[in-house]
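> Next up is a structure, given as structure tokens.
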Amino acid sequence: MVFGHVGNSAALFPMQAAGLEVAAIPTVVFSNTPDYPTLRGRALPPEFFSDLLQGARERGLPERADYILTGYIGSLDVAEMVADFVAEAKAANPTLRYICDPVMGDTGPGLYVPEAIAGVMRDRLLPMADIATPNPFELAWLTGQQIRTLADLQAAREALHIA
């Protein structure tokens, strides 16, 4: 992110300040968040992203990581590679905890990723998650349930089958 602080731009410093060793692998490089009138940049090309994941494998990150955290993903190919990588890492490292922040949209603009990417988050990434952090819009989209009350929130949480 060139302007503003979301994603790796926001998360990296606090995690490092807490003493964590972080391997940040970007999925997109954008000029700003999608809520501005213009958005420049793009999702990483699949072959480039795949190469970054291969470098992480060569450093043994799947076997020695304590956590994997995913957020915004800007292309379907990259979403599929992320899901494959998380599955591979969890298989290689049974103590690994996967945190899925399914950044897909918000109240007002609705989905700001293609529905196919949101589907990968719902169908592949969330089932592997130990922790999920959807916002109310995302939770409603993922579960097909409106979120108006605390009871709605509880029912939607249970529908995801995640703690």
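Following the order of the structure tokens, chains are lettered A, B, ..., residues in each are numbered from 1, and ligands are numbered from 1.
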Please return as a compact mmCIF listing (two decimals) with C-alpha atoms, in the first residue's frame: the residues of region 29-140 of chain A that backbone DSSP assigns to strand (DSSP E or B).

# COMPACT_ATOMS: atom_id res chain seq x y z
CA VAL A 29 0.47 -3.75 -4.53
CA PHE A 30 -2.05 -0.89 -4.57
CA GLY A 41 -1.53 -1.01 -8.92
CA ARG A 42 -2.55 -4.62 -9.23
CA ALA A 43 -2.55 -8.10 -7.83
CA TYR A 67 0.92 -18.73 12.49
CA ILE A 68 -0.21 -17.91 8.98
CA LEU A 69 -2.39 -14.83 8.58
CA THR A 70 -4.15 -14.07 5.30
CA ARG A 97 -2.50 -21.87 13.61
CA TYR A 98 -4.20 -20.29 10.59
CA ILE A 99 -5.88 -16.90 10.96
CA CYS A 100 -8.16 -15.96 8.06
CA GLY A 105 -16.18 -6.23 1.10
CA ASP A 106 -18.09 -3.98 3.42
CA GLY A 110 -20.64 -4.62 -1.04
CA LEU A 111 -18.14 -7.13 -2.40
CA ILE A 131 -9.44 -18.13 13.84
CA ALA A 132 -11.53 -16.01 11.44
> Just the residues within 12 Å of region 54-56 of chain A, please, counting only C-alpha atoms, with nothing from its chain fewer than 5 positions along; format it as a list in words.
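The residues satisfying every condition are Val22, Ala23, Ala24, Ile25, Glu47, Phe48, Phe49, Leu61, Pro62, Glu63, Arg64, Ala65, Ile68, Met81, Val82, Phe85, Val86 and Ala89 of chain A.
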> What separation in Å, quoted to one decimal, exists between CA of Pro134 (chain A) and CA of Val103 (chain A)?
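Distance reported for this atom pair: 7.1 Å.
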> Point out the residue among A:Gln145, A:Thr27, A:Thr107, A:Gln16 with the least atom-to-atom distance to Ala79 (chain A), counting only C-alpha atoms.
A:Thr27
> State, in Å with one decimal place, the distance from CA of Glu115 (chain A) to CA of Trp141 (chain A).
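According to the coordinates, CA of Glu115 (chain A) and CA of Trp141 (chain A) are separated by 10.3 Å.
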